[in-house]
Amino acid sequence: MSDLLRLATAGSVDDGKSTLVGRLLYDTKSVLADQIDAVTRASVDKGLSTPDLSLLVDGLRAEREQGITIDVAYRYFATPKRSFVLADTPGHVQYTRNTVSGASTAQLVILLVDARKGVIEQTRRHAAVMALLGVPKLVLAVNKIDLVDDPAGVYAKITAEFSELTAKLGWAPEDVQEIPVSALHGDNVASRSENTPYYDGPSLIEHLESVPVDADVHGRHEIGLRFPVQYVIRPRTAEYPDYRGYAGQVAAGLVSKGDEVVVLPSGTRTTVERIDTPNGELASAQPGRSVTLVLADDVDVSRGDVIAAAVGAPEPIDAFDATVCWLGDKPLRPGARLLLKHGTRTTQAIVGALIERFDEQHLAADPGPESLSLNDIGRISVRVADPIVADDYSVNRHTGSFLLIDPAGGNTLAAGLVGDALTAVEVGA
(Lines give C-alpha, C1' and ligand atoms only; values in the text may rest on other atoms or scores of the structure.)
Protein backbone atom coordinates (compact mmCIF):
# COMPACT_ATOMS: atom_id res chain seq x y z
CA MET A 1 0.00 0.00 0.00
CA SER A 2 1.33 3.42 -0.94
CA ASP A 3 2.04 5.75 1.99
CA LEU A 4 0.91 8.77 -0.09
CA LEU A 5 -2.59 9.25 -1.48
CA ARG A 6 -3.42 12.00 -3.97
CA LEU A 7 -7.09 12.88 -3.79
CA ALA A 8 -9.48 15.59 -4.87
CA THR A 9 -12.91 16.84 -3.86
CA ALA A 10 -15.77 17.53 -6.23
CA GLY A 11 -19.46 18.27 -6.02
CA SER A 12 -22.03 20.97 -6.50
CA VAL A 13 -21.91 24.36 -4.85
CA ASP A 14 -23.05 24.40 -1.20
CA ASP A 15 -22.66 20.64 -0.82
CA GLY A 16 -20.17 21.32 1.97
CA LYS A 17 -16.81 20.57 0.36
CA SER A 18 -14.95 23.34 2.19
CA THR A 19 -16.47 22.30 5.51
CA LEU A 20 -15.53 18.67 4.88
CA VAL A 21 -11.95 19.58 3.97
CA GLY A 22 -11.76 21.82 7.02
CA ARG A 23 -13.06 18.94 9.12
CA LEU A 24 -10.41 16.59 7.68
CA LEU A 25 -7.67 19.09 8.53
CA TYR A 26 -9.13 19.71 12.00
CA ASP A 27 -9.65 16.05 12.91
CA THR A 28 -6.17 15.05 11.73
CA LYS A 29 -4.66 17.92 13.74
CA SER A 30 -3.21 19.45 10.59
CA VAL A 31 -3.96 23.07 11.52
CA LEU A 32 -2.26 25.29 14.05
CA ALA A 33 -3.91 26.47 17.26
CA ASP A 34 -3.82 30.12 16.17
CA GLN A 35 -5.66 29.17 12.95
CA ILE A 36 -8.39 27.51 14.98
CA ASP A 37 -8.60 30.57 17.24
CA ALA A 38 -8.92 32.86 14.21
CA VAL A 39 -11.68 30.69 12.73
CA THR A 40 -13.50 30.60 16.05
CA ARG A 41 -13.42 34.40 16.36
CA ALA A 42 -14.58 34.85 12.76
CA SER A 43 -17.41 32.36 13.34
CA VAL A 44 -18.55 34.24 16.46
CA ASP A 45 -18.53 37.47 14.47
CA LYS A 46 -20.83 35.78 11.94
CA GLY A 47 -23.21 34.81 14.76
CA LEU A 48 -22.37 31.10 14.69
CA SER A 49 -22.29 28.94 17.81
CA THR A 50 -19.73 26.49 16.43
CA PRO A 51 -16.55 27.11 14.39
CA ASP A 52 -17.11 27.40 10.64
CA LEU A 53 -14.41 25.00 9.47
CA SER A 54 -14.84 26.06 5.84
CA LEU A 55 -12.93 29.22 6.78
CA LEU A 56 -9.83 27.05 7.13
CA VAL A 57 -9.74 26.41 3.40
CA ASP A 58 -11.53 29.24 1.58
CA GLY A 59 -8.47 31.46 1.49
CA LEU A 60 -9.27 33.94 -1.29
CA ARG A 61 -11.13 37.08 -0.27
CA ALA A 62 -13.73 36.50 -2.98
CA GLU A 63 -14.24 32.97 -1.68
CA ARG A 64 -14.77 34.16 1.88
CA GLU A 65 -17.13 36.94 0.84
CA GLN A 66 -19.26 34.75 -1.44
CA GLY A 67 -19.03 31.60 0.65
CA ILE A 68 -17.89 29.56 -2.35
CA THR A 69 -14.72 27.92 -3.57
CA ILE A 70 -13.31 29.42 -6.79
CA ASP A 71 -9.77 28.18 -7.29
CA VAL A 72 -8.09 24.80 -6.83
CA ALA A 73 -6.20 24.76 -3.54
CA TYR A 74 -3.88 21.98 -2.46
CA ARG A 75 -3.99 20.84 1.16
CA TYR A 76 -1.57 18.55 2.94
CA PHE A 77 -2.44 16.41 5.95
CA ALA A 78 -1.41 13.11 7.43
CA THR A 79 -2.42 10.35 9.81
CA PRO A 80 -0.12 7.76 11.39
CA LYS A 81 -0.96 5.41 8.52
CA ARG A 82 -0.74 7.62 5.43
CA SER A 83 0.02 11.09 4.04
CA PHE A 84 -2.39 12.95 1.79
CA VAL A 85 -2.28 15.62 -0.91
CA LEU A 86 -5.80 16.97 -1.48
CA ALA A 87 -6.94 19.17 -4.34
CA ASP A 88 -9.96 21.15 -3.14
CA THR A 89 -11.89 22.01 -6.32
CA PRO A 90 -14.82 24.36 -7.01
CA GLY A 91 -18.44 23.33 -7.34
CA HIS A 92 -19.82 26.01 -9.67
CA VAL A 93 -20.47 24.94 -13.27
CA GLN A 94 -18.29 27.76 -14.64
CA TYR A 95 -15.34 26.38 -12.69
CA THR A 96 -15.58 22.83 -14.08
CA ARG A 97 -12.24 23.47 -15.79
CA ASN A 98 -10.67 23.90 -12.34
CA THR A 99 -12.16 20.58 -11.30
CA VAL A 100 -10.59 18.92 -14.35
CA SER A 101 -7.22 20.37 -13.39
CA GLY A 102 -7.47 19.30 -9.75
CA ALA A 103 -8.62 15.75 -10.50
CA SER A 104 -6.21 15.07 -13.36
CA THR A 105 -3.58 13.48 -11.09
CA ALA A 106 -5.90 12.15 -8.39
CA GLN A 107 -5.87 8.52 -7.33
CA LEU A 108 -9.20 9.01 -5.55
CA VAL A 109 -11.96 11.62 -5.68
CA ILE A 110 -14.43 12.43 -2.91
CA LEU A 111 -17.67 13.44 -4.63
CA LEU A 112 -20.12 15.16 -2.29
CA VAL A 113 -23.87 15.34 -2.58
CA ASP A 114 -26.27 17.19 -0.30
CA ALA A 115 -28.57 14.60 1.28
CA ARG A 116 -31.48 17.04 0.87
CA LYS A 117 -30.90 17.35 -2.92
CA GLY A 118 -29.56 13.94 -3.93
CA VAL A 119 -27.85 13.22 -7.24
CA ILE A 120 -28.24 16.38 -9.32
CA GLU A 121 -27.01 17.61 -12.70
CA GLN A 122 -23.62 18.75 -11.39
CA THR A 123 -23.14 15.41 -9.62
CA ARG A 124 -23.60 13.58 -12.91
CA ARG A 125 -21.32 16.04 -14.69
CA HIS A 126 -18.52 15.59 -12.17
CA ALA A 127 -18.89 11.80 -12.16
CA ALA A 128 -18.63 11.77 -15.96
CA VAL A 129 -15.53 13.97 -15.85
CA MET A 130 -13.90 11.65 -13.30
CA ALA A 131 -14.69 8.65 -15.48
CA LEU A 132 -13.17 10.30 -18.55
CA LEU A 133 -10.07 11.24 -16.56
CA GLY A 134 -9.76 7.65 -15.45
CA VAL A 135 -9.80 8.32 -11.71
CA PRO A 136 -9.34 4.82 -10.20
CA LYS A 137 -11.25 5.20 -6.91
CA LEU A 138 -14.35 7.16 -5.96
CA VAL A 139 -16.00 8.05 -2.66
CA LEU A 140 -19.57 9.32 -2.53
CA ALA A 141 -19.93 11.41 0.63
CA VAL A 142 -23.65 11.91 1.31
CA ASN A 143 -23.26 15.09 3.36
CA LYS A 144 -25.71 16.86 5.67
CA ILE A 145 -27.32 13.52 6.45
CA ASP A 146 -28.33 14.98 9.83
CA LEU A 147 -30.68 17.44 8.11
CA VAL A 148 -33.12 14.94 6.56
CA ASP A 149 -36.11 13.33 8.27
CA ASP A 150 -35.47 9.77 7.06
CA PRO A 151 -31.67 9.47 6.82
CA ALA A 152 -31.64 5.72 6.23
CA GLY A 153 -34.20 5.92 3.42
CA VAL A 154 -32.59 8.96 1.83
CA TYR A 155 -29.14 7.36 1.98
CA ALA A 156 -30.45 4.14 0.41
CA LYS A 157 -32.15 6.04 -2.43
CA ILE A 158 -29.12 8.22 -3.20
CA THR A 159 -26.64 5.35 -3.14
CA ALA A 160 -28.83 3.19 -5.37
CA GLU A 161 -29.03 5.96 -7.98
CA PHE A 162 -25.32 6.67 -7.71
CA SER A 163 -24.38 3.01 -8.01
CA GLU A 164 -26.36 2.77 -11.23
CA LEU A 165 -24.58 5.85 -12.57
CA THR A 166 -21.06 4.70 -11.67
CA ALA A 167 -21.69 1.25 -13.16
CA LYS A 168 -22.60 2.86 -16.47
CA LEU A 169 -19.51 5.06 -16.24
CA GLY A 170 -17.27 2.03 -15.91
CA TRP A 171 -16.42 1.75 -12.22
CA ALA A 172 -16.44 -1.65 -10.54
CA PRO A 173 -18.46 -1.80 -7.29
CA GLU A 174 -15.30 -2.36 -5.22
CA ASP A 175 -13.84 0.91 -6.51
CA VAL A 176 -16.72 3.03 -5.16
CA GLN A 177 -17.31 3.64 -1.44
CA GLU A 178 -20.47 5.40 -0.25
CA ILE A 179 -20.45 7.05 3.20
CA PRO A 180 -23.13 9.12 4.99
CA VAL A 181 -21.46 12.06 6.71
CA SER A 182 -22.09 15.30 8.51
CA ALA A 183 -19.07 17.49 7.85
CA LEU A 184 -20.42 20.11 10.25
CA HIS A 185 -20.64 17.74 13.23
CA GLY A 186 -17.95 15.24 12.17
CA ASP A 187 -20.21 12.20 11.79
CA ASN A 188 -18.34 9.38 9.97
CA VAL A 189 -15.43 11.66 9.07
CA ALA A 190 -12.65 10.73 11.50
CA SER A 191 -14.57 7.97 13.29
CA ARG A 192 -17.77 6.01 12.86
CA SER A 193 -20.85 7.70 14.20
CA GLU A 194 -23.59 6.30 16.41
CA ASN A 195 -26.01 8.60 14.58
CA THR A 196 -25.97 6.37 11.48
CA PRO A 197 -26.94 2.87 12.72
CA TYR A 198 -28.04 1.92 9.18
CA TYR A 199 -24.41 2.23 7.98
CA ASP A 200 -21.78 -0.33 8.98
CA GLY A 201 -18.88 0.72 6.76
CA PRO A 202 -15.69 2.66 7.49
CA SER A 203 -15.42 6.33 8.35
CA LEU A 204 -14.04 8.58 5.63
CA ILE A 205 -10.54 8.76 7.13
CA GLU A 206 -10.53 5.00 7.81
CA HIS A 207 -11.31 4.42 4.14
CA LEU A 208 -8.70 6.92 2.95
CA GLU A 209 -6.10 5.23 5.14
CA SER A 210 -6.83 1.73 3.88
CA VAL A 211 -7.96 2.02 0.24
CA PRO A 212 -5.44 0.27 -2.06
CA VAL A 213 -4.09 2.55 -4.76
CA ASP A 214 -1.41 2.35 -7.40
CA ALA A 215 1.50 4.61 -6.45
CA ASP A 216 2.00 5.43 -10.14
CA VAL A 217 -1.01 7.59 -10.98
CA HIS A 218 0.09 7.89 -14.60
CA GLY A 219 0.30 4.26 -15.62
CA ARG A 220 -2.52 1.77 -15.98
CA HIS A 221 -0.80 -0.81 -18.14
CA GLU A 222 2.73 -2.09 -18.28
CA ILE A 223 4.45 -0.36 -21.19
CA GLY A 224 8.06 0.29 -22.04
CA LEU A 225 10.12 3.33 -21.18
CA ARG A 226 8.78 6.77 -22.04
CA PHE A 227 11.23 9.56 -21.17
CA PRO A 228 10.35 13.04 -22.55
CA VAL A 229 13.56 15.07 -22.75
CA GLN A 230 13.18 18.34 -20.88
CA TYR A 231 16.70 19.72 -21.08
CA VAL A 232 20.03 18.89 -22.69
CA ILE A 233 22.87 19.27 -20.15
CA ARG A 234 26.27 20.25 -21.60
CA PRO A 235 28.44 21.95 -18.93
CA ARG A 236 31.54 22.33 -21.16
CA THR A 237 33.68 22.87 -18.06
CA ALA A 238 37.22 21.72 -17.34
CA GLU A 239 35.81 18.99 -15.12
CA TYR A 240 33.16 17.90 -17.63
CA PRO A 241 34.42 18.95 -21.08
CA ASP A 242 32.48 16.34 -23.07
CA TYR A 243 29.50 15.61 -20.80
CA ARG A 244 26.16 15.37 -22.58
CA GLY A 245 23.14 14.31 -20.57
CA TYR A 246 19.39 14.39 -21.18
CA ALA A 247 17.32 15.51 -18.20
CA GLY A 248 13.67 14.71 -17.66
CA GLN A 249 11.20 12.63 -15.70
CA VAL A 250 10.40 8.98 -16.37
CA ALA A 251 6.81 9.09 -17.61
CA ALA A 252 6.31 5.34 -17.96
CA GLY A 253 8.22 2.10 -17.75
CA LEU A 254 11.57 1.38 -16.15
CA VAL A 255 14.96 2.51 -17.40
CA SER A 256 18.15 0.66 -16.41
CA LYS A 257 21.81 1.03 -17.20
CA GLY A 258 22.62 -0.86 -20.40
CA ASP A 259 19.06 -0.76 -21.80
CA GLU A 260 18.65 -0.44 -25.55
CA VAL A 261 16.55 2.63 -26.35
CA VAL A 262 15.31 4.55 -29.36
CA VAL A 263 15.14 8.35 -29.71
CA LEU A 264 11.82 9.47 -31.15
CA PRO A 265 10.70 10.81 -33.53
CA SER A 266 14.05 10.34 -35.34
CA GLY A 267 14.23 6.58 -34.67
CA THR A 268 17.93 6.56 -33.74
CA ARG A 269 18.91 3.60 -31.57
CA THR A 270 21.50 3.54 -28.78
CA THR A 271 21.95 2.29 -25.20
CA VAL A 272 21.80 3.90 -21.77
CA GLU A 273 25.34 4.33 -20.46
CA ARG A 274 24.53 6.00 -17.12
CA ILE A 275 21.61 7.27 -15.06
CA ASP A 276 22.72 10.38 -13.16
CA THR A 277 21.11 12.26 -10.26
CA PRO A 278 22.41 15.05 -7.99
CA ASN A 279 23.07 12.32 -5.41
CA GLY A 280 25.01 10.04 -7.72
CA GLU A 281 24.36 7.30 -10.26
CA LEU A 282 21.41 4.91 -10.23
CA ALA A 283 21.17 1.40 -11.57
CA SER A 284 17.58 2.03 -12.67
CA ALA A 285 14.79 4.61 -12.42
CA GLN A 286 11.04 4.13 -12.09
CA PRO A 287 8.10 6.32 -13.24
CA GLY A 288 8.02 9.71 -11.54
CA ARG A 289 11.79 9.79 -10.96
CA SER A 290 13.64 12.82 -12.37
CA VAL A 291 17.02 11.79 -13.73
CA THR A 292 19.62 12.57 -16.40
CA LEU A 293 20.29 9.87 -18.98
CA VAL A 294 23.73 9.61 -20.56
CA LEU A 295 23.66 7.66 -23.82
CA ALA A 296 26.43 5.49 -25.23
CA ASP A 297 26.46 7.19 -28.64
CA ASP A 298 26.67 10.83 -29.66
CA VAL A 299 23.17 11.08 -31.11
CA ASP A 300 21.01 14.09 -31.94
CA VAL A 301 18.56 14.59 -29.07
CA SER A 302 16.66 17.81 -28.32
CA ARG A 303 14.03 19.05 -25.87
CA GLY A 304 10.70 17.56 -26.85
CA ASP A 305 12.17 14.28 -28.08
CA VAL A 306 11.22 11.07 -26.29
CA ILE A 307 13.66 8.34 -25.32
CA ALA A 308 11.70 5.08 -25.42
CA ALA A 309 12.32 1.38 -24.98
CA ALA A 310 13.63 -0.07 -28.24
CA VAL A 311 11.18 -2.98 -28.04
CA GLY A 312 7.56 -1.96 -28.48
CA ALA A 313 8.30 1.72 -29.09
CA PRO A 314 5.28 3.73 -30.23
CA GLU A 315 5.06 5.22 -33.72
CA PRO A 316 5.17 9.04 -33.73
CA ILE A 317 1.85 10.47 -34.95
CA ASP A 318 0.91 13.75 -36.64
CA ALA A 319 -2.85 13.18 -36.83
CA PHE A 320 -5.14 11.61 -34.27
CA ASP A 321 -8.57 11.73 -32.62
CA ALA A 322 -8.84 12.97 -29.06
CA THR A 323 -11.34 13.68 -26.30
CA VAL A 324 -11.16 17.25 -24.99
CA CYS A 325 -12.73 19.29 -22.24
CA TRP A 326 -13.05 22.79 -23.67
CA LEU A 327 -11.92 25.42 -21.17
CA GLY A 328 -12.01 28.55 -23.34
CA ASP A 329 -14.59 31.30 -23.10
CA LYS A 330 -14.87 31.45 -26.91
CA PRO A 331 -16.29 28.29 -28.55
CA LEU A 332 -14.07 25.83 -30.40
CA ARG A 333 -14.89 25.49 -34.09
CA PRO A 334 -13.44 23.32 -36.87
CA GLY A 335 -10.30 24.76 -38.44
CA ALA A 336 -9.03 26.44 -35.26
CA ARG A 337 -5.25 26.94 -35.30
CA LEU A 338 -3.81 26.43 -31.83
CA LEU A 339 -0.68 25.27 -30.04
CA LEU A 340 -0.54 21.73 -28.67
CA LYS A 341 1.66 20.91 -25.67
CA HIS A 342 2.36 17.23 -25.18
CA GLY A 343 4.97 16.31 -22.59
CA THR A 344 7.92 18.59 -23.24
CA ARG A 345 7.05 19.26 -26.90
CA THR A 346 4.97 22.24 -28.07
CA THR A 347 3.89 22.36 -31.70
CA GLN A 348 1.34 24.02 -33.96
CA ALA A 349 -1.98 22.21 -34.36
CA ILE A 350 -5.11 22.45 -36.46
CA VAL A 351 -8.46 21.17 -35.21
CA GLY A 352 -10.24 19.24 -37.94
CA ALA A 353 -13.69 17.81 -37.42
CA LEU A 354 -15.73 18.07 -34.26
CA ILE A 355 -16.79 14.44 -34.20
CA GLU A 356 -19.21 14.47 -31.28
CA ARG A 357 -20.18 16.25 -28.09
CA PHE A 358 -20.71 14.25 -24.92
CA ASP A 359 -24.02 14.74 -23.11
CA GLU A 360 -22.96 13.89 -19.56
CA GLN A 361 -26.52 14.06 -18.23
CA HIS A 362 -27.84 11.30 -20.48
CA LEU A 363 -24.50 9.58 -21.18
CA ALA A 364 -25.10 10.05 -24.88
CA ALA A 365 -23.17 11.42 -27.86
CA ASP A 366 -24.41 14.30 -30.03
CA PRO A 367 -22.70 13.76 -33.41
CA GLY A 368 -21.24 16.59 -35.50
CA PRO A 369 -21.71 19.65 -33.26
CA GLU A 370 -21.02 23.05 -34.81
CA SER A 371 -18.88 24.07 -31.82
CA LEU A 372 -17.79 23.15 -28.32
CA SER A 373 -18.56 25.73 -25.63
CA LEU A 374 -17.04 26.32 -22.19
CA ASN A 375 -16.99 23.07 -20.14
CA ASP A 376 -18.20 20.96 -23.10
CA ILE A 377 -16.61 17.55 -23.52
CA GLY A 378 -16.24 16.27 -27.05
CA ARG A 379 -14.24 14.18 -29.48
CA ILE A 380 -12.25 15.99 -32.17
CA SER A 381 -9.63 15.28 -34.81
CA VAL A 382 -6.27 17.03 -34.57
CA ARG A 383 -3.30 17.45 -36.91
CA VAL A 384 0.08 18.67 -35.62
CA ALA A 385 3.03 20.22 -37.42
CA ASP A 386 5.62 18.11 -35.57
CA PRO A 387 4.93 14.45 -34.74
CA ILE A 388 4.32 13.58 -31.10
CA VAL A 389 5.11 10.34 -29.27
CA ALA A 390 1.82 9.54 -27.56
CA ASP A 391 0.06 6.55 -26.07
CA ASP A 392 -3.69 6.20 -25.79
CA TYR A 393 -4.88 7.85 -22.57
CA SER A 394 -6.48 4.56 -21.51
CA VAL A 395 -2.98 3.06 -21.48
CA ASN A 396 -1.05 5.86 -19.76
CA ARG A 397 -2.25 9.18 -18.34
CA HIS A 398 1.01 11.05 -18.69
CA THR A 399 1.84 10.16 -22.29
CA GLY A 400 -1.81 10.23 -23.35
CA SER A 401 -2.68 13.77 -22.23
CA PHE A 402 -2.05 17.16 -23.79
CA LEU A 403 -3.08 20.80 -23.66
CA LEU A 404 -4.44 23.08 -26.39
CA ILE A 405 -3.13 26.61 -25.98
CA ASP A 406 -4.09 30.00 -27.43
CA PRO A 407 -1.09 31.00 -29.59
CA ALA A 408 -1.85 34.70 -29.09
CA GLY A 409 -2.31 34.95 -25.34
CA GLY A 410 -0.83 31.70 -24.08
CA ASN A 411 -4.01 30.70 -22.22
CA THR A 412 -4.88 27.02 -21.88
CA LEU A 413 -7.99 26.37 -23.96
CA ALA A 414 -8.50 22.62 -23.59
CA ALA A 415 -7.37 19.58 -21.68
CA GLY A 416 -7.05 16.71 -24.11
CA LEU A 417 -6.90 12.91 -23.93
CA VAL A 418 -5.44 10.98 -26.87
CA GLY A 419 -7.95 8.45 -28.19
CA ASP A 420 -11.64 7.97 -27.55
CA ALA A 421 -12.02 8.28 -23.78
CA LEU A 422 -15.80 8.25 -24.27
CA THR A 423 -15.66 4.48 -24.73
CA ALA A 424 -15.08 4.34 -20.95
CA VAL A 425 -18.76 5.18 -20.42
CA GLU A 426 -21.95 3.55 -21.60
CA VAL A 427 -22.86 6.02 -24.32
CA GLY A 428 -26.50 6.01 -25.20
CA ALA A 429 -27.59 4.53 -21.90
# chains A, B, ... in the order shown; residues from 1 in each chain; ligands from 1

$ residues_around --residues "region 185-198 of chain A" --least-positions-apart "6" --cutoff "10 Å" --atoms "only C-alpha atoms" --output "PyMOL selection string"
chain A and resi 19-20+23-24+26-28+50+141+143-146+151-153+155-156+179+204-207

$ write_last_selection --atoms "N, CA and C atoms" --output "PDB file, in the first residue's frame"
ATOM      1  N   THR A  19     -16.286  22.734   4.126  1.00  0.00           N
ATOM      2  CA  THR A  19     -16.468  22.301   5.512  1.00  0.00           C
ATOM      3  C   THR A  19     -15.885  20.913   5.721  1.00  0.00           C
ATOM      4  N   LEU A  20     -16.077  20.020   4.745  1.00  0.00           N
ATOM      5  CA  LEU A  20     -15.530  18.672   4.876  1.00  0.00           C
ATOM      6  C   LEU A  20     -13.997  18.697   4.889  1.00  0.00           C
ATOM      7  N   ARG A  23     -12.893  19.979   8.111  1.00  0.00           N
ATOM      8  CA  ARG A  23     -13.062  18.938   9.118  1.00  0.00           C
ATOM      9  C   ARG A  23     -11.923  17.911   9.049  1.00  0.00           C
ATOM     10  N   LEU A  24     -11.524  17.520   7.838  1.00  0.00           N
ATOM     11  CA  LEU A  24     -10.414  16.585   7.679  1.00  0.00           C
ATOM     12  C   LEU A  24      -9.130  17.163   8.276  1.00  0.00           C
ATOM     13  N   TYR A  26      -8.939  19.524  10.553  1.00  0.00           N
ATOM     14  CA  TYR A  26      -9.129  19.708  11.998  1.00  0.00           C
ATOM     15  C   TYR A  26      -8.993  18.372  12.738  1.00  0.00           C
ATOM     16  N   ASP A  27      -9.646  17.339  12.209  1.00  0.00           N
ATOM     17  CA  ASP A  27      -9.651  16.049  12.910  1.00  0.00           C
ATOM     18  C   ASP A  27      -8.314  15.325  12.822  1.00  0.00           C
ATOM     19  N   THR A  28      -7.499  15.660  11.821  1.00  0.00           N
ATOM     20  CA  THR A  28      -6.171  15.047  11.725  1.00  0.00           C
ATOM     21  C   THR A  28      -5.108  15.943  12.353  1.00  0.00           C
ATOM     22  N   THR A  50     -20.837  27.432  16.587  1.00  0.00           N
ATOM     23  CA  THR A  50     -19.728  26.492  16.428  1.00  0.00           C
ATOM     24  C   THR A  50     -18.783  27.020  15.353  1.00  0.00           C
ATOM     25  N   ALA A 141     -19.651  10.945  -0.726  1.00  0.00           N
ATOM     26  CA  ALA A 141     -19.927  11.412   0.631  1.00  0.00           C
ATOM     27  C   ALA A 141     -21.310  12.052   0.630  1.00  0.00           C
ATOM     28  N   ASN A 143     -23.456  14.113   2.289  1.00  0.00           N
ATOM     29  CA  ASN A 143     -23.262  15.086   3.357  1.00  0.00           C
ATOM     30  C   ASN A 143     -24.601  15.653   3.851  1.00  0.00           C
ATOM     31  N   LYS A 144     -24.535  16.239   5.033  1.00  0.00           N
ATOM     32  CA  LYS A 144     -25.714  16.856   5.673  1.00  0.00           C
ATOM     33  C   LYS A 144     -26.802  15.818   5.926  1.00  0.00           C
ATOM     34  N   ILE A 145     -26.363  14.596   6.215  1.00  0.00           N
ATOM     35  CA  ILE A 145     -27.316  13.517   6.450  1.00  0.00           C
ATOM     36  C   ILE A 145     -28.128  13.785   7.716  1.00  0.00           C
ATOM     37  N   ASP A 146     -27.627  14.651   8.587  1.00  0.00           N
ATOM     38  CA  ASP A 146     -28.326  14.984   9.826  1.00  0.00           C
ATOM     39  C   ASP A 146     -29.506  15.920   9.599  1.00  0.00           C
ATOM     40  N   PRO A 151     -33.033   9.614   7.339  1.00  0.00           N
ATOM     41  CA  PRO A 151     -31.669   9.469   6.818  1.00  0.00           C
ATOM     42  C   PRO A 151     -31.395   8.111   6.192  1.00  0.00           C
ATOM     43  N   ALA A 152     -31.893   7.043   6.783  1.00  0.00           N
ATOM     44  CA  ALA A 152     -31.645   5.715   6.225  1.00  0.00           C
ATOM     45  C   ALA A 152     -32.262   5.564   4.839  1.00  0.00           C
ATOM     46  N   GLY A 153     -33.515   6.011   4.708  1.00  0.00           N
ATOM     47  CA  GLY A 153     -34.201   5.915   3.421  1.00  0.00           C
ATOM     48  C   GLY A 153     -33.573   6.807   2.368  1.00  0.00           C
ATOM     49  N   TYR A 155     -30.453   7.904   2.324  1.00  0.00           N
ATOM     50  CA  TYR A 155     -29.137   7.362   1.985  1.00  0.00           C
ATOM     51  C   TYR A 155     -29.278   6.183   1.023  1.00  0.00           C
ATOM     52  N   ALA A 156     -30.241   5.306   1.278  1.00  0.00           N
ATOM     53  CA  ALA A 156     -30.450   4.145   0.408  1.00  0.00           C
ATOM     54  C   ALA A 156     -30.838   4.571  -1.005  1.00  0.00           C
ATOM     55  N   ILE A 179     -20.507   6.806   1.757  1.00  0.00           N
ATOM     56  CA  ILE A 179     -20.447   7.050   3.195  1.00  0.00           C
ATOM     57  C   ILE A 179     -21.402   8.200   3.559  1.00  0.00           C
ATOM     58  N   LEU A 204     -14.741   8.067   6.805  1.00  0.00           N
ATOM     59  CA  LEU A 204     -14.042   8.583   5.635  1.00  0.00           C
ATOM     60  C   LEU A 204     -12.530   8.438   5.791  1.00  0.00           C
ATOM     61  N   ILE A 205     -11.994   8.843   6.927  1.00  0.00           N
ATOM     62  CA  ILE A 205     -10.544   8.761   7.126  1.00  0.00           C
ATOM     63  C   ILE A 205     -10.093   7.306   7.180  1.00  0.00           C
ATOM     64  N   GLU A 206     -10.877   6.426   7.794  1.00  0.00           N
ATOM     65  CA  GLU A 206     -10.527   5.002   7.805  1.00  0.00           C
ATOM     66  C   GLU A 206     -10.416   4.464   6.383  1.00  0.00           C
ATOM     67  N   HIS A 207     -11.344   4.878   5.529  1.00  0.00           N
ATOM     68  CA  HIS A 207     -11.307   4.418   4.136  1.00  0.00           C
ATOM     69  C   HIS A 207     -10.096   4.995   3.406  1.00  0.00           C
TER      70      HIS A 207
END

$ select_by_dssp --residues "region 130-342 of chain A" --states "helix (DSSP H, G or I)" --output "number ranges by chain"
A: 130-133, 145-147, 151-168, 173-175, 204-210

$ residues_around --residues "Val299 (chain A)" --least-positions-apart "4" --cutoff "12 Å" --atoms "only C-alpha atoms" --output "PyMOL selection string"
chain A and resi 232+244-246+261-264+266-272+294-295+305+307

$ residues_around --residues "Ile380 (chain A)" --least-positions-apart "5" --cutoff "8 Å" --atoms "only C-alpha atoms" --output "list in words"
Asp321, Ala322, Thr323, Val324, Val351, Gly352, Ala353, Leu354, Ile355 and Glu356 of chain A

$ closest_residue --among "A:Pro265, A:Ser210, A:Ser401, A:Phe77" --to "Val31 (chain A)" --atoms "only C-alpha atoms"
A:Phe77

$ closest_residue --among "A:Pro228, A:Pro407, A:Gly201, A:Gly378" --to "Arg333 (chain A)" --atoms "only C-alpha atoms"
A:Gly378
